[in-house]
Amino acid sequence: MAVSRREFLQGGAAAAALILSGKKAEAGGADGTQLRTKGLKSSTTICPFCAVGCGLVVHTKNGKIVNIEGDTQHPINQGALCSKGSALFQVANNERRLQKVMYRAPGSDKFEEKSWDWALDRIAQKMKEARDKSFKAKEINKKDNKEYVVNRTEGMAFLGGAGLDNEECYLWSKFARSMGVANLEHQARI
Amino acid sequence: MTNHWIDLRNADAILAIGCNPAENHPISMKWIEAAMDQGGKLIAVDPRFTRTASKADHYAQIRPGTDIAFLGGMINFALQNNMIHEEYVREYTNASFIVNEKYDFNEGIFCSFDDQEKTYDPKAWAYAVDGAGNPKRDKSLKDPRCVYQLLKKHYSRYTVDMVCNITGTKKDDYIAVAKAFCSTGRADKAGTILYAMGITQSTHGTQNVRATAMLQMLLGNIGVAGGGVNALRGESNVQGSSDYGLLFHLLPGYLKSPEFDNVDLKAYLEKWTPKTKDAKSANWWGNTPKYTVSLLKAWYGDNATKENGFCYDYLPKRSGNYSFTKLMEKMGKGELQGLVCMGQNPAVGGPDSLKTREALGKLDWLVTVDLWETETSIFWKRPGVNPKDIKTEVFMLPAASSVEKEGSISNSGRWAQWRYKAAEPCGDAKSDLWIIDQFHKRVKKAYEKGGAFPEPITKLSWNYGHGEEPEVHIVAKEINGYFTKDMTIVDKDKTLEFKAGDQVPMFKYLQDDGSTVSGCWIYCGSYTKDGNQMARRDLADPTGLGMYPKWSWCWPVNRRIIYNRASVNPDGVPFNPKRVVIAWDALEKKWKGDVPDGPWPPMNDAKEGKYPFIMVPEGHGRLYALDMKDGPFPEHYEPIESPAKNLLSKTQTNPAVKVPANVSSDAAKFPYVGTTYRMTEHWQAGAMTRSLPWLVELVPTMFVEISQTLARAKGISNGDMVKVTSERGSIEAKALVTSRLKPFNVQGKEIEQVGLPWHFGYAGMATGDSGNVLTPSVGCANTSIPEFKAFLCNIEKGGKRA
């Protein structure tokens, strides 16, 4: 239902009166006289799409995200959001989100559900096999015909990072280099 | 960005070239419009009449891939019409530096080119030096071999007529743009240049960026409020992932990843630590040893000692180019057993994507960590293939979204902002931090029983608490860095006492002897004894310029405008008294305003003054570059696939780029210029938006944008299915016929263009063919970023996929 500015202000006054009177307010609906976010837990976040770095406020109720909107205190966006930022709620609440660890065996035509423990152990084993098999401790340089220590894993590549947090990027960088992975790239290169 | 988003409001002119902020960075328009409210002029230069163009005071159409011609013409325009900021150019750039006698340029080729290897020897471009080893200078700028004169000569060829013949821009539009922007070459005016992938995705992309920087230096626009060279970055933390060295050639903090012949730490530091003999040059990279050793201490802890070169041997050494496209080639040859994609979707995001999809099938195993099924994670059941034929083992791991974990991300303006966890991850999803932690712990356990050179893994310092989830604050503290022993540091008139374990307050206190740890030196100062600076939310704005120094934290050292020592004259007096970024207080002997680019007094101070461009050893902004792979000056070359001959020289394409096999400039087969672009409603490879019903409703399907003239010529109506073909493959999509696209007049011929969003693929809720099926896998000479923005194609009505 459309609410005129006058009705909205009246609603605000009514809500204020309610608070003053000490009566317990009902959770506001679309037609309610108070903000629907009242009484909800809120925390701030930064938009995960482009790199303007707009602020948003996330509202939760009983641990579930029930609303996300622009952060009016944020100096860059001052509460405004584009269509992507406005849709962040649907990233948090979306039936297409991956919920389980999925595995596809060689030649199979389907994914099957696996436990984290099983998958992580197998991935660690695969990473070790690839590293052991392709690790190059030394190589002869073609130009000067000299031997150099390179300590490099040739057969494995790591991609990505532009959607990770800084702390995650840092650990990814540290982990990759410890694995001898020189084939390390992220979205800035494309 | 040298500056930051809010600072756009301080500009008198905003040149958006190779970017479309109204479409791709919509909230930035808030600040662009704030500038326009104060009389600032918005200038849009783009192949298409974009949403930004529709808001602009001046619009100039430019043929894809001809940015150097356009910008080179503006450099010439500023020089010929005396519109440059002369004092700035003379004092702060290398305009006065004399170049050695060997330098030469002829028919599109600079001296010392090896035609076999397609490489230059940049040593031939060096400055001439005096007896003390310092570059020779002529501050009158008259010496015929000074950079200023060479620059003037080089760009004198870029006349307005020549430029417009190349770029297809209307002459009146070009002159209007040149006048409007070059009018900021005065001390009391500021102009900003905004760019994005239209500039970088080119075989001469780095030189495109350099051309913007050179124009800005000539106009005195670097370091000032409302100025700068500002890359509008497209992913929320692509700044951070670059800062943390997730690129083959880098370690965290833009330290170089070691090369094979940097045989030990000493050799590495010798190679990568620049030197100067000029006492007035701060030569900030002279601190490379401190930052490198502090990084190695962060990675190898107590195992890293002076005696063992701080475990430098444990780092892999590179021998060549491992950039994205090279990795895809390697994968196609079956030379990679495994690939891990952390939120990256190469089956859609990379060029020549049919090849990439095929190459994925050569892997033994693939791990994807994402919120969604992506084209990469389901490549084995993509349309047209039989899963039975694909032997790759695939692990698809569910990742937590940004509101389901805690940590920081860095925006384009280098602001690191903290995010909080609002809810538990969806289903069994886990944060990337947890997943990486598990990878390490499980691999380490396996290597404790033996394997190839296990020490880099088993001796890695990895102590992030004892909980199920690694403690993100411990990680952030390690990135900032701490002292490993009690220290007394004398800093001018102050004596500072630190205890082992204390956070390092800022990177000038990092050491090269192992007494400090810092995982990424440029973030030193982000998490100090005063707590997590990235979480700050104080809206104080003491300069009134919108810098908000206590909102979040920005690298380096919370400096909001970098190179800000160039915003004042050599005596420390602001060039523009109305927009003071920093100013020298001679009584208190200190700078006021933004955090200055170094604490030293103004440049003219005989004892301690320093030049403003502190990141190059000569301390002066480079109008003439010494270390590019394709020449000291940006020179116009045609894109690898082009409908035109190079009018400026006999060298058709960038000579330092090797042309691959599957490109074609056959105008009979492929008569149109193809260019890819992004839109507000979708994002990058599409996984994050093509499954959100609200956004899918707004833009439900892939389309191909063409002009009304091309539509008429081909009998295509809005909404018809069309087939677009390039040398790499073909796609089908709906035609979108608009007046936003117009043909270019290229050397007397009308050349049509075809615009394609690249967000679509076969996974998710809204699917469609991928624009990158058409794009060529050939990259910039310096960065290897592919030439997505300019290629040749054909378009036909209807038709089946080839």
# chains A, B, ... in the order shown; residues from 1 in each chain; ligands from 1
>>> select_by_dssp(residues="stretch 678-796 of chain B", states="alpha helix (DSSP H)", output="count of residues only")
13
>>> residues_around(residues="A:Asn166", least_positions_apart="4", cutoff="9 Å", atoms="only C-alpha atoms", output="PyMOL selection string")
(chain A and resi 161+170-171) or (chain B and resi 237+240-241+243-244+407-410+416+476)
>>> closest_atom_pairs(of="stretch 429-477 of chain B", to="stretch 150-158 of chain A", cutoff="10 Å", atoms="only C-alpha atoms", output="JSON lines")
{"residue": "B:Ala452", "atom": "CA", "partner": "A:Asn151", "partner_atom": "CA", "distance": 9.6}
{"residue": "B:Phe453", "atom": "CA", "partner": "A:Asn151", "partner_atom": "CA", "distance": 8.1}
{"residue": "B:Pro456", "atom": "CA", "partner": "A:Asn151", "partner_atom": "CA", "distance": 9.5}
>>> closest_residue(among="B:Lys734, B:Lys153, B:Lys494, B:Lys444", to="chain A", atoms="only C-alpha atoms")
B:Lys444
>>> closest_residue(among="A:Ala124, A:Cys82, A:Val57, A:Phe49", to="A:Leu164", atoms="only C-alpha atoms")
A:Phe49
>>> residues_around(residues="B:Glu235", least_positions_apart="5", cutoff="10 Å", atoms="only C-alpha atoms", output="list in words")
Cys47, Pro48, Phe49, Cys50, Ala51, Val52, Gly53, Gly161, Ala162, Gly163, Leu164, Gln187 and Ala188 of chain A; Gly240, Ser241, Ser410, Asn411, Ser412, Trp683 and Gln684 of chain B
>>> closest_residue(among="B:Lys607, B:His58, B:Lys326, B:Arg51", to="chain A", atoms="only C-alpha atoms")
B:Lys326
>>> residues_around(residues="B:Val778", least_positions_apart="2", cutoff="9 Å", atoms="only C-alpha atoms", output="mmCIF file with N, CA and C atoms, in the first residue's frame")
data_model
loop_
_atom_site.group_PDB
_atom_site.id
_atom_site.type_symbol
_atom_site.label_atom_id
_atom_site.label_comp_id
_atom_site.auth_asym_id
_atom_site.auth_seq_id
_atom_site.Cartn_x
_atom_site.Cartn_y
_atom_site.Cartn_z
ATOM 1 N N SER B 202 43.767 -4.501 -23.255
ATOM 2 C CA SER B 202 44.304 -4.108 -24.556
ATOM 3 C C SER B 202 45.729 -4.630 -24.648
ATOM 4 N N THR B 203 46.194 -4.871 -25.873
ATOM 5 C CA THR B 203 47.583 -5.330 -26.021
ATOM 6 C C THR B 203 48.584 -4.219 -25.702
ATOM 7 N N THR B 325 46.302 -16.418 -18.925
ATOM 8 C CA THR B 325 46.157 -17.042 -20.253
ATOM 9 C C THR B 325 47.231 -18.107 -20.482
ATOM 10 N N PRO B 351 39.320 -15.192 -21.741
ATOM 11 C CA PRO B 351 39.105 -15.083 -23.180
ATOM 12 C C PRO B 351 39.072 -16.461 -23.842
ATOM 13 N N ILE B 640 45.193 -6.171 -32.019
ATOM 14 C CA ILE B 640 45.672 -7.308 -32.819
ATOM 15 C C ILE B 640 44.687 -7.605 -33.958
ATOM 16 N N VAL B 657 54.343 -7.681 -28.550
ATOM 17 C CA VAL B 657 53.317 -8.707 -28.299
ATOM 18 C C VAL B 657 53.371 -9.744 -29.412
ATOM 19 N N LYS B 658 53.525 -11.001 -29.013
ATOM 20 C CA LYS B 658 53.539 -12.076 -30.013
ATOM 21 C C LYS B 658 52.103 -12.394 -30.413
ATOM 22 N N VAL B 659 51.864 -12.448 -31.713
ATOM 23 C CA VAL B 659 50.500 -12.667 -32.212
ATOM 24 C C VAL B 659 50.202 -14.169 -32.233
ATOM 25 N N PRO B 660 49.132 -14.600 -31.556
ATOM 26 C CA PRO B 660 48.819 -16.029 -31.541
ATOM 27 C C PRO B 660 48.159 -16.489 -32.848
ATOM 28 N N VAL B 663 43.764 -15.697 -34.380
ATOM 29 C CA VAL B 663 43.232 -14.346 -34.578
ATOM 30 C C VAL B 663 43.139 -14.104 -36.078
ATOM 31 N N THR B 775 36.230 -13.770 -27.675
ATOM 32 C CA THR B 775 37.371 -12.864 -27.451
ATOM 33 C C THR B 775 38.718 -13.569 -27.609
ATOM 34 N N PRO B 776 39.741 -12.829 -28.047
ATOM 35 C CA PRO B 776 41.043 -13.441 -28.323
ATOM 36 C C PRO B 776 41.921 -13.566 -27.079
ATOM 37 N N CYS B 780 48.301 -7.809 -23.053
ATOM 38 C CA CYS B 780 49.159 -6.624 -22.941
ATOM 39 C C CYS B 780 50.617 -7.047 -22.786
ATOM 40 N N SER B 784 49.916 -8.885 -19.570
ATOM 41 C CA SER B 784 49.235 -10.053 -20.146
ATOM 42 C C SER B 784 47.711 -9.991 -20.007
ATOM 43 N N ILE B 785 47.146 -8.870 -19.611
ATOM 44 C CA ILE B 785 45.677 -8.757 -19.566
ATOM 45 C C ILE B 785 45.150 -8.845 -20.999
ATOM 46 N N PRO B 786 44.164 -9.746 -21.247
ATOM 47 C CA PRO B 786 43.721 -9.981 -22.633
ATOM 48 C C PRO B 786 43.005 -8.792 -23.277
ATOM 49 N N GLU B 787 43.023 -8.808 -24.594
ATOM 50 C CA GLU B 787 42.397 -7.737 -25.374
ATOM 51 C C GLU B 787 40.910 -8.049 -25.596
ATOM 52 N N PHE B 788 40.134 -7.988 -24.499
ATOM 53 C CA PHE B 788 38.699 -8.278 -24.584
ATOM 54 C C PHE B 788 37.931 -7.187 -25.336
#
>>> closest_residue(among="B:Pro144, B:Pro602, B:Pro549, B:Pro693", to="A:Phe89", atoms="only C-alpha atoms")
B:Pro693
>>> residues_around(residues="B:Phe97", least_positions_apart="6", cutoff="9 Å", atoms="only C-alpha atoms", output="tab-separated table (two decimals) with N, CA and C atoms, in the first residue's frame")
chain	number	residue	atom	x	y	z
B	127	TYR	N	68.69	7.34	-18.58
B	127	TYR	CA	69.07	8.75	-18.52
B	127	TYR	C	70.58	8.87	-18.74
B	128	ALA	N	71.01	10.04	-19.24
B	128	ALA	CA	72.45	10.36	-19.24
B	128	ALA	C	72.81	10.76	-17.81
B	135	PRO	N	71.25	11.47	-12.68
B	135	PRO	CA	70.77	11.84	-14.02
B	135	PRO	C	71.07	13.31	-14.31
B	136	LYS	N	71.47	13.58	-15.53
B	136	LYS	CA	71.71	14.98	-15.94
B	136	LYS	C	70.36	15.65	-16.15
B	137	ARG	N	70.27	16.95	-15.82
B	137	ARG	CA	69.01	17.67	-15.99
B	137	ARG	C	69.23	19.02	-16.66
B	138	ASP	N	68.19	19.48	-17.33
B	138	ASP	CA	68.18	20.84	-17.85
B	138	ASP	C	66.84	21.45	-17.49
B	139	LYS	N	66.87	22.24	-16.39
B	139	LYS	CA	65.58	22.75	-15.90
B	139	LYS	C	65.00	23.85	-16.78
B	141	LEU	N	64.39	23.12	-19.75
B	141	LEU	CA	63.64	22.21	-20.63
B	141	LEU	C	63.95	22.44	-22.11
B	145	ARG	N	67.64	16.75	-26.00
B	145	ARG	CA	67.53	15.36	-25.51
B	145	ARG	C	66.92	15.28	-24.12
B	146	CYS	N	66.35	16.38	-23.65
B	146	CYS	CA	65.64	16.27	-22.37
B	146	CYS	C	64.27	15.64	-22.64
B	147	VAL	N	63.71	15.01	-21.61
B	147	VAL	CA	62.44	14.29	-21.77
B	147	VAL	C	61.36	15.20	-22.35
B	148	TYR	N	61.33	16.44	-21.87
B	148	TYR	CA	60.29	17.36	-22.33
B	148	TYR	C	60.33	17.52	-23.85
